[in-house]
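A short worksheet on the structure shown next.
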Amino acid sequence: MQSDASLSWLALALTPGLASRLSARVLRRFDSPDGVFRATLPDLESCHLPAQVAKVIVKKESFKRAPARGLVIVSGMARGIDAIGHQGAMDANGRAIGVLGTGIDVCYPKENKKLYEKVLERGAIVSEFPLRTHPAPENFPIRNRIVAGMPLGVVVVEGAQYSGSLITARLAMEFGREVFGVPGNVTQPVSFAPNQLIKQGAKLATCAEDVIEELPTPIRAALVQAEKPEAEQRNLLAAAALNGSEKKLYELLSGRGAGAH
């Protein structure tokens with residue numbers, strides 16, 4: 001099991017039947033999401049959790065749903081959004097590809113050294129530049145061709161009027177890739193690129209679903225299916241978390257109560 005705290009929080013939130021009231025109860029008892037997932041079945045049942053919910057926690061089933069849905073994050077490993085995107089993929093036990101504007105033996109910027117090593121373990125570091133090539137301004141627009149061409153789509157979060165983000169987006173359009181823009185405050189210079197792209201027809205994106213729904217149908221279907229728990233298990237867990245009157249109302253609404261129609 002991946003022990004990263006961010007992944008444990010996500011797994012806890014994705015546990016079927018564990019509503020906010022029950023989440024607060026187990027967090028008070030076990031101090032942290034990691035503590036919850038280390039607890040034994042008797043310990044969890046002593047918190048008056050529904051039996052099915054306790055079993056799901058002990059089996060750590062929600063960790064299967066917690067990674068970044070099997071998508072691979074591709075970026076230039078730069079400061080800011082690039083690094084945050086890669087770190088998010090690592091926190092979610094996912095995979096990432098870093099495309100460098102240097103040789104693959106040169107980590108730039110240097111503060112990304114730990115992230116560089118993580119990506120190397122659970123993804124790939126690629127470059128078209130020879131070993132020992134150090135960063136130079138002209139390298140990065142060249143590097144952006146690969147960033148734009150590898151993925152199914154490009155999401156632009158920030159970028160000034162003459163930024164590399166716009167170069168990458170233009171290249172992605174030429175390559176027939178989907179382009180997305182995360183809208184920003186119009187008074188901020190770094191919002192120019194995404195806002196301009198949206199004006200030009202890029203898909204406005206405010207959440208992961210906005211990106212997924214534009215992907216090719218077979219890929220979208222696989223991603224959505226991977227995110228859904230089995231319907232029967234979901235219904236059982238939801239019913240188990242209800243008290244007496246809530247359960248009666250649930251059965252009536254679901255058509256299983258006596259005389260329901």
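Going through the structure tokens in order, the chains are called A, B, and so on, while each chain numbers its residues from 1 and the ligands are numbered from 1 in the order shown.
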
Exercise: Glu128 of chain A partners within 10 Å, only C-alpha atoms, chain neighbours under 5 positions left out, as a ChimeraX atom specification:
/A:99-104,139,142-143,146

Exercise: Lys113 of chain A partners within 12 Å, only C-alpha atoms, chain neighbours under 5 positions left out, as a VMD selection string:
chain A and resid 77 to 79 83 87 105 to 108 118 to 120

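Of the listed residues (A:Ala202, A:Leu131, A:Leu41, A:Leu22), A:Ala202 comes nearest to Leu166 of chain A; the distances count only C-alpha atoms.
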
All helix (DSSP H, G or I) positions in segment 44-260 of chain A, as a count of residues only:
108

All strand (DSSP E) positions in segment 57-184 of chain A, as a list in words
Val72, Ile73, Val74, Ser75, Arg95, Ala96, Ile97, Gly98, Val99, Gly123, Ala124, Ile125, Val126, Gly153, Val154, Val155, Val156, Glu178, Val179, Phe180 and Gly181 of chain A

Output the selection as an mmCIF file, in the first residue's frame - C-alpha atoms for each residue.
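Final output, part.cif:
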```
data_model
loop_
_atom_site.group_PDB
_atom_site.id
_atom_site.type_symbol
_atom_site.label_atom_id
_atom_site.label_comp_id
_atom_site.auth_asym_id
_atom_site.auth_seq_id
_atom_site.Cartn_x
_atom_site.Cartn_y
_atom_site.Cartn_z
ATOM 1 C CA VAL A 72 -0.032 9.744 -17.342
ATOM 2 C CA ILE A 73 0.968 13.364 -16.719
ATOM 3 C CA VAL A 74 3.393 14.840 -19.267
ATOM 4 C CA SER A 75 5.144 18.168 -18.695
ATOM 5 C CA ARG A 95 2.872 7.937 -13.446
ATOM 6 C CA ALA A 96 4.463 10.898 -15.165
ATOM 7 C CA ILE A 97 6.824 11.746 -18.001
ATOM 8 C CA GLY A 98 9.216 14.668 -17.750
ATOM 9 C CA VAL A 99 10.439 16.190 -21.020
ATOM 10 C CA GLY A 123 7.595 7.106 -15.150
ATOM 11 C CA ALA A 124 10.243 8.398 -17.534
ATOM 12 C CA ILE A 125 12.612 11.284 -18.171
ATOM 13 C CA VAL A 126 13.157 12.012 -21.864
ATOM 14 C CA GLY A 153 -4.502 16.715 -24.734
ATOM 15 C CA VAL A 154 -2.792 19.801 -23.324
ATOM 16 C CA VAL A 155 -4.136 21.739 -20.325
ATOM 17 C CA VAL A 156 -2.941 25.341 -20.025
ATOM 18 C CA GLU A 178 -7.276 18.543 -27.562
ATOM 19 C CA VAL A 179 -6.453 21.875 -25.903
ATOM 20 C CA PHE A 180 -7.946 22.991 -22.581
ATOM 21 C CA GLY A 181 -7.720 26.273 -20.690
#
```

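Nearest-residue note for Gly94 of chain A: choosing from A:Leu171, A:Leu71, A:Leu14, A:Ile57, the minimum distance belongs to A:Leu71, counting only C-alpha atoms.
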
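Nearest to Pro16 of chain A of all the residues A:Gly149, A:Gly88, A:Pro50, A:Gly184 is A:Pro50, counting only C-alpha atoms.
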
Would you kindly return, as a count of residues only, each protein, DNA or RNA residue with an atom no farther than 12 Å from any atom of segment 193-201 of chain A, considering only C-alpha atoms and excluding same-chain residues fewer than 5 positions away?
31

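For the pair atom CA of Ser62 of chain A and atom CA of Pro33 of chain A, the interatomic distance is 12.1 Å.
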